[in-house]
file input36.pdb (PDB, C-alpha atoms, pLDDT in the B column)
ATOM      1  CA  MET A   1       0.000   0.000   0.000  1.00 47.00           C
ATOM      2  CA  SER A   2       1.446   3.338  -0.979  1.00 46.00           C
ATOM      3  CA  SER A   3       1.590   6.297   1.370  1.00 47.00           C
ATOM      4  CA  THR A   4      -1.111   8.073  -0.663  1.00 49.00           C
ATOM      5  CA  THR A   5      -3.567   5.171  -0.526  1.00 45.00           C
ATOM      6  CA  PRO A   6      -6.058   5.442   2.338  1.00 47.00           C
ATOM      7  CA  ALA A   7      -6.362   2.561   4.815  1.00 49.00           C
ATOM      8  CA  TRP A   8      -9.833   1.869   3.402  1.00 45.00           C
ATOM      9  CA  SER A   9     -10.668   1.022  -0.193  1.00 46.00           C
ATOM     10  CA  ASP A  10     -13.329   2.540  -2.446  1.00 49.00           C
ATOM     11  CA  SER A  11     -15.655  -0.376  -1.705  1.00 51.00           C
ATOM     12  CA  MET A  12     -15.445   0.252   2.030  1.00 55.00           C
ATOM     13  CA  ALA A  13     -16.760   3.234   3.951  1.00 52.00           C
ATOM     14  CA  PRO A  14     -14.209   5.405   5.763  1.00 53.00           C
ATOM     15  CA  PRO A  15     -13.803   4.707   9.462  1.00 54.00           C
ATOM     16  CA  VAL A  16     -16.466   6.397  11.546  1.00 54.00           C
ATOM     17  CA  GLU A  17     -15.102   8.953  13.957  1.00 74.00           C
ATOM     18  CA  GLN A  18     -17.329   8.995  17.018  1.00 83.00           C
ATOM     19  CA  ARG A  19     -17.195  11.207  20.051  1.00 89.00           C
ATOM     20  CA  TRP A  20     -19.017  11.427  23.349  1.00 93.00           C
ATOM     21  CA  MET A  21     -20.754  14.591  24.477  1.00 95.00           C
ATOM     22  CA  GLY A  22     -21.737  15.501  28.003  1.00 96.00           C
ATOM     23  CA  ILE A  23     -25.506  15.674  28.459  1.00 96.00           C
ATOM     24  CA  VAL A  24     -25.804  16.273  32.186  1.00 97.00           C
ATOM     25  CA  PHE A  25     -23.594  16.108  35.263  1.00 96.00           C
ATOM     26  CA  MET A  26     -25.089  16.047  38.758  1.00 97.00           C
ATOM     27  CA  GLN A  27     -23.601  15.970  42.215  1.00 96.00           C
ATOM     28  CA  GLY A  28     -24.877  16.373  45.747  1.00 94.00           C
ATOM     29  CA  GLU A  29     -28.587  15.931  46.449  1.00 95.00           C
ATOM     30  CA  GLU A  30     -29.563  15.784  42.755  1.00 95.00           C
ATOM     31  CA  ALA A  31     -27.049  13.014  42.190  1.00 97.00           C
ATOM     32  CA  ASN A  32     -28.109  11.144  45.338  1.00 97.00           C
ATOM     33  CA  ALA A  33     -31.654  10.854  43.988  1.00 96.00           C
ATOM     34  CA  VAL A  34     -30.337   9.377  40.718  1.00 97.00           C
ATOM     35  CA  LEU A  35     -27.891   7.098  42.577  1.00 97.00           C
ATOM     36  CA  ASP A  36     -30.808   5.776  44.665  1.00 97.00           C
ATOM     37  CA  MET A  37     -32.778   5.252  41.445  1.00 97.00           C
ATOM     38  CA  THR A  38     -29.831   3.310  40.009  1.00 96.00           C
ATOM     39  CA  ASP A  39     -29.649   1.076  43.083  1.00 96.00           C
ATOM     40  CA  LYS A  40     -33.388   0.521  43.263  1.00 97.00           C
ATOM     41  CA  ASP A  41     -34.458   0.253  39.609  1.00 97.00           C
ATOM     42  CA  GLY A  42     -31.194  -0.257  37.738  1.00 95.00           C
ATOM     43  CA  PRO A  43     -29.004   1.924  35.540  1.00 95.00           C
ATOM     44  CA  GLY A  44     -31.427   1.747  32.598  1.00 93.00           C
ATOM     45  CA  THR A  45     -33.990   3.700  34.584  1.00 94.00           C
ATOM     46  CA  ALA A  46     -31.368   6.294  35.512  1.00 96.00           C
ATOM     47  CA  ILE A  47     -30.328   6.618  31.851  1.00 95.00           C
ATOM     48  CA  GLN A  48     -33.942   7.095  30.820  1.00 94.00           C
ATOM     49  CA  HIS A  49     -34.444   9.703  33.552  1.00 96.00           C
ATOM     50  CA  LEU A  50     -31.265  11.655  32.722  1.00 96.00           C
ATOM     51  CA  SER A  51     -31.971  11.580  28.984  1.00 95.00           C
ATOM     52  CA  GLN A  52     -34.630  14.247  29.682  1.00 96.00           C
ATOM     53  CA  TRP A  53     -31.725  16.721  29.693  1.00 96.00           C
ATOM     54  CA  ASP A  54     -30.783  15.812  26.106  1.00 96.00           C
ATOM     55  CA  PHE A  55     -32.184  18.488  23.779  1.00 95.00           C
ATOM     56  CA  GLY A  56     -30.569  17.208  20.581  1.00 92.00           C
ATOM     57  CA  ASP A  57     -28.746  19.880  18.569  1.00 90.00           C
ATOM     58  CA  GLU A  58     -28.963  22.402  21.394  1.00 93.00           C
ATOM     59  CA  THR A  59     -27.192  19.988  23.755  1.00 92.00           C
ATOM     60  CA  ARG A  60     -24.587  19.146  21.112  1.00 91.00           C
ATOM     61  CA  ASP A  61     -23.865  22.811  20.453  1.00 91.00           C
ATOM     62  CA  ALA A  62     -23.540  23.564  24.175  1.00 92.00           C
ATOM     63  CA  ALA A  63     -21.187  20.604  24.626  1.00 92.00           C
ATOM     64  CA  LEU A  64     -19.027  21.776  21.726  1.00 89.00           C
ATOM     65  CA  VAL A  65     -18.905  25.375  22.953  1.00 92.00           C
ATOM     66  CA  ASN A  66     -18.164  24.407  26.567  1.00 93.00           C
ATOM     67  CA  GLY A  67     -15.648  21.666  25.758  1.00 92.00           C
ATOM     68  CA  TYR A  68     -17.692  18.685  26.982  1.00 92.00           C
ATOM     69  CA  VAL A  69     -16.780  16.479  24.015  1.00 92.00           C
ATOM     70  CA  TYR A  70     -14.564  13.445  24.504  1.00 92.00           C
ATOM     71  CA  GLU A  71     -12.921  10.806  22.313  1.00 91.00           C
ATOM     72  CA  LYS A  72     -13.717   8.160  24.919  1.00 92.00           C
ATOM     73  CA  VAL A  73     -16.068   8.008  27.873  1.00 92.00           C
ATOM     74  CA  PRO A  74     -14.193   9.828  30.661  1.00 92.00           C
ATOM     75  CA  TRP A  75     -14.129   7.751  33.826  1.00 91.00           C
ATOM     76  CA  SER A  76     -12.010   7.137  36.864  1.00 92.00           C
ATOM     77  CA  PRO A  77     -11.146   3.803  38.511  1.00 94.00           C
ATOM     78  CA  THR A  78     -13.809   4.348  41.194  1.00 95.00           C
ATOM     79  CA  ASP A  79     -16.579   5.044  38.646  1.00 96.00           C
ATOM     80  CA  ARG A  80     -19.127   2.601  37.341  1.00 96.00           C
ATOM     81  CA  VAL A  81     -19.821   2.945  33.621  1.00 95.00           C
ATOM     82  CA  VAL A  82     -22.884   1.538  31.880  1.00 95.00           C
ATOM     83  CA  HIS A  83     -23.273   1.746  28.089  1.00 89.00           C
ATOM     84  CA  ASP A  84     -26.789   1.520  26.753  1.00 70.00           C
ATOM     85  CA  LYS A  85     -26.060   0.422  23.189  1.00 75.00           C
ATOM     86  CA  SER A  86     -29.712   0.629  22.153  1.00 79.00           C
ATOM     87  CA  SER A  87     -29.913   4.343  22.978  1.00 80.00           C
ATOM     88  CA  GLU A  88     -26.310   5.518  22.424  1.00 91.00           C
ATOM     89  CA  TYR A  89     -25.990   6.733  26.027  1.00 95.00           C
ATOM     90  CA  ALA A  90     -23.343   6.039  28.647  1.00 96.00           C
ATOM     91  CA  LEU A  91     -24.014   6.505  32.350  1.00 97.00           C
ATOM     92  CA  ILE A  92     -21.125   7.205  34.695  1.00 97.00           C
ATOM     93  CA  TYR A  93     -21.849   7.123  38.388  1.00 97.00           C
ATOM     94  CA  ASN A  94     -19.864   7.132  41.585  1.00 97.00           C
ATOM     95  CA  HIS A  95     -21.350   6.457  45.022  1.00 96.00           C
ATOM     96  CA  GLN A  96     -18.096   7.282  46.798  1.00 95.00           C
ATOM     97  CA  PHE A  97     -17.873  10.822  45.414  1.00 96.00           C
ATOM     98  CA  GLY A  98     -21.622  11.318  44.892  1.00 96.00           C
ATOM     99  CA  TYR A  99     -21.995  12.176  41.217  1.00 97.00           C
ATOM    100  CA  VAL A 100     -23.665  10.949  38.047  1.00 97.00           C
ATOM    101  CA  SER A 101     -23.052  11.897  34.449  1.00 97.00           C
ATOM    102  CA  LEU A 102     -24.808  11.028  31.217  1.00 97.00           C
ATOM    103  CA  LEU A 103     -23.050  11.157  27.857  1.00 96.00           C
ATOM    104  CA  ARG A 104     -24.299  10.510  24.341  1.00 95.00           C
ATOM    105  CA  ARG A 105     -22.335   9.148  21.413  1.00 92.00           C
ATOM    106  CA  PHE A 106     -22.343  11.236  18.252  1.00 86.00           C
ATOM    107  CA  ASP A 107     -20.590  11.306  14.914  1.00 83.00           C
ATOM    108  CA  PRO A 108     -19.092  14.783  14.314  1.00 74.00           C
ATOM    109  CA  VAL A 109     -18.556  14.118  10.593  1.00 64.00           C
ATOM    110  CA  PHE A 110     -22.227  13.220  10.123  1.00 47.00           C
ATOM    111  CA  GLU A 111     -23.282  16.207  12.237  1.00 49.00           C
ATOM    112  CA  ASP A 112     -21.158  18.539  10.056  1.00 47.00           C
ATOM    113  CA  VAL A 113     -22.764  17.163   6.888  1.00 40.00           C
ATOM    114  CA  LEU A 114     -26.231  17.811   8.281  1.00 42.00           C
ATOM    115  CA  GLU A 115     -25.301  21.404   9.118  1.00 47.00           C
ATOM    116  CA  SER A 116     -23.810  22.051   5.668  1.00 41.00           C
ATOM    117  CA  VAL A 117     -27.188  21.538   4.004  1.00 42.00           C
ATOM    118  CA  ALA A 118     -28.695  24.940   3.237  1.00 45.00           C
ATOM    119  CA  PRO A 119     -31.632  25.739   5.511  1.00 47.00           C
ATOM    120  CA  THR A 120     -35.062  26.224   4.042  1.00 47.00           C
ATOM    121  CA  PRO A 121     -35.745  29.922   3.384  1.00 50.00           C
ATOM    122  CA  ARG A 122     -38.069  31.489   5.936  1.00 49.00           C
ATOM    123  CA  PHE A 123     -39.879  34.763   6.455  1.00 47.00           C
ATOM    124  CA  GLY A 124     -39.808  35.696   2.771  1.00 48.00           C
ATOM    125  CA  PHE A 125     -36.073  36.461   2.734  1.00 46.00           C
ATOM    126  CA  GLU A 126     -35.662  34.419  -0.445  1.00 49.00           C
ATOM    127  CA  LYS A 127     -37.751  37.048  -2.301  1.00 49.00           C
ATOM    128  CA  GLN A 128     -35.677  40.007  -1.168  1.00 48.00           C
ATOM    129  CA  ARG A 129     -33.104  41.497  -3.482  1.00 49.00           C
ATOM    130  CA  PRO A 130     -30.192  43.700  -2.532  1.00 49.00           C
ATOM    131  CA  ALA A 131     -30.842  47.416  -2.961  1.00 49.00           C
ATOM    132  CA  ARG A 132     -29.531  48.914  -6.171  1.00 51.00           C
ATOM    133  CA  ARG A 133     -26.550  51.074  -5.648  1.00 48.00           C
ATOM    134  CA  ALA A 134     -26.713  54.499  -7.166  1.00 52.00           C
ATOM    135  CA  ASN A 135     -23.688  55.710  -9.023  1.00 54.00           C
ATOM    136  CA  GLY A 136     -21.302  57.694  -6.894  1.00 51.00           C
ATOM    137  CA  LEU A 137     -20.284  61.286  -7.385  1.00 52.00           C
ATOM    138  CA  ARG A 138     -19.550  62.208 -10.922  1.00 51.00           C
ATOM    139  CA  LEU A 139     -16.960  64.802 -11.746  1.00 50.00           C
TER     140      LEU A 139
END
call {"tool": "encode", "arguments": {"input": "input36.pdb", "output": "structure tokens"}}
result
Amino acid sequence: MSSTTPAWSDSMAPPVEQRWMGIVFMQGEEANAVLDMTDKDGPGTAIQHLSQWDFGDETRDAALVNGYVYEKVPWSPTDRVVHDKSSEYALIYNHQFGYVSLLRRFDPVFEDVLESVAPTPRFGFEKQRPARRANGLRL
């Protein structure tokens, strides 16, 4: 394979570059309620509950602006991590330090493609034309 040949061939799709974005992070009393929910009803219930804080594009944009985007799920050795493959979420929780965090997997390349599509014209702006410029001063 030459240095100019990509690692994937034309018949194969390029490797998907996925990232994780922070949806919500809770600590203290808010986290204790979710930790109790996790113990009582399981992590799936906690994931479902915390997913209420996922507002789609708005959440993605906030995560990108605030730097809550990760190549891998960020966790420490004392954390418990649960991946819900059916919903693309990962729950990180820690009883010892009293916090919970929900992350969602996303594909930044796919997201960029969606944003590059021109939005549908609204409010009649497509009918507006720039004002004609009058000739300047003539000498």
call {"tool": "residues_around", "arguments": {"input": "input36.pdb", "residues": "Pro43 in chain A", "least_positions_apart": "3", "cutoff": "12 Å", "atoms": "only C-alpha atoms", "output": "VMD selection string"}}
result
chain A and resid 34 to 40 46 to 50 80 to 84 89 to 93 100 to 102
call {"tool": "residues_near_point", "arguments": {"input": "input36.pdb", "point": "(-14.2, 6.3, 39.5)", "cutoff": "10 Å", "atoms": "all atoms listed in the file", "output": "MDAnalysis selection string"}}
result
chainID A and resid 74:81 92:97 99
call {"tool": "atom_distance", "arguments": {"input": "input36.pdb", "atom1": "CA of Val24 in chain A", "atom2": "CA of Asp57 in chain A"}}
result
14.4 Å
call {"tool": "atom_distance", "arguments": {"input": "input36.pdb", "atom1": "CA of Trp20 in chain A", "atom2": "CA of Ser51 in chain A"}}
result
14.1 Å
call {"tool": "resolve_selection", "arguments": {"input": "input36.pdb", "expression": "the PyMOL selection byres ((chain A and resi 23) around 9)", "output": "list in words"}}
result
Met21, Gly22, Val24, Phe25, Leu50, Ser51, Trp53, Asp54, Phe55, Thr59, Arg60, Ala63, Tyr68, Ser101, Leu102, Leu103 and Arg104 of chain A
call {"tool": "atom_distance", "arguments": {"input": "input36.pdb", "atom1": "CA of Val73 in chain A", "atom2": "CA of Arg105 in chain A"}}
result
9.1 Å
call {"tool": "decode", "arguments": {"input": "input36.pdb", "residues": "range 50-83 of chain A", "atoms": "C-alpha atoms", "output": "PDB file, in the first residue's frame"}}
result
ATOM      1  CA  LEU A  50     -31.265  11.655  32.722  1.00  0.00           C
ATOM      2  CA  SER A  51     -31.971  11.580  28.984  1.00  0.00           C
ATOM      3  CA  GLN A  52     -34.630  14.247  29.682  1.00  0.00           C
ATOM      4  CA  TRP A  53     -31.725  16.721  29.693  1.00  0.00           C
ATOM      5  CA  ASP A  54     -30.783  15.812  26.106  1.00  0.00           C
ATOM      6  CA  PHE A  55     -32.184  18.488  23.779  1.00  0.00           C
ATOM      7  CA  GLY A  56     -30.569  17.208  20.581  1.00  0.00           C
ATOM      8  CA  ASP A  57     -28.746  19.880  18.569  1.00  0.00           C
ATOM      9  CA  GLU A  58     -28.963  22.402  21.394  1.00  0.00           C
ATOM     10  CA  THR A  59     -27.192  19.988  23.755  1.00  0.00           C
ATOM     11  CA  ARG A  60     -24.587  19.146  21.112  1.00  0.00           C
ATOM     12  CA  ASP A  61     -23.865  22.811  20.453  1.00  0.00           C
ATOM     13  CA  ALA A  62     -23.540  23.564  24.175  1.00  0.00           C
ATOM     14  CA  ALA A  63     -21.187  20.604  24.626  1.00  0.00           C
ATOM     15  CA  LEU A  64     -19.027  21.776  21.726  1.00  0.00           C
ATOM     16  CA  VAL A  65     -18.905  25.375  22.953  1.00  0.00           C
ATOM     17  CA  ASN A  66     -18.164  24.407  26.567  1.00  0.00           C
ATOM     18  CA  GLY A  67     -15.648  21.666  25.758  1.00  0.00           C
ATOM     19  CA  TYR A  68     -17.692  18.685  26.982  1.00  0.00           C
ATOM     20  CA  VAL A  69     -16.780  16.479  24.015  1.00  0.00           C
ATOM     21  CA  TYR A  70     -14.564  13.445  24.504  1.00  0.00           C
ATOM     22  CA  GLU A  71     -12.921  10.806  22.313  1.00  0.00           C
ATOM     23  CA  LYS A  72     -13.717   8.160  24.919  1.00  0.00           C
ATOM     24  CA  VAL A  73     -16.068   8.008  27.873  1.00  0.00           C
ATOM     25  CA  PRO A  74     -14.193   9.828  30.661  1.00  0.00           C
ATOM     26  CA  TRP A  75     -14.129   7.751  33.826  1.00  0.00           C
ATOM     27  CA  SER A  76     -12.010   7.137  36.864  1.00  0.00           C
ATOM     28  CA  PRO A  77     -11.146   3.803  38.511  1.00  0.00           C
ATOM     29  CA  THR A  78     -13.809   4.348  41.194  1.00  0.00           C
ATOM     30  CA  ASP A  79     -16.579   5.044  38.646  1.00  0.00           C
ATOM     31  CA  ARG A  80     -19.127   2.601  37.341  1.00  0.00           C
ATOM     32  CA  VAL A  81     -19.821   2.945  33.621  1.00  0.00           C
ATOM     33  CA  VAL A  82     -22.884   1.538  31.880  1.00  0.00           C
ATOM     34  CA  HIS A  83     -23.273   1.746  28.089  1.00  0.00           C
TER      35      HIS A  83
END
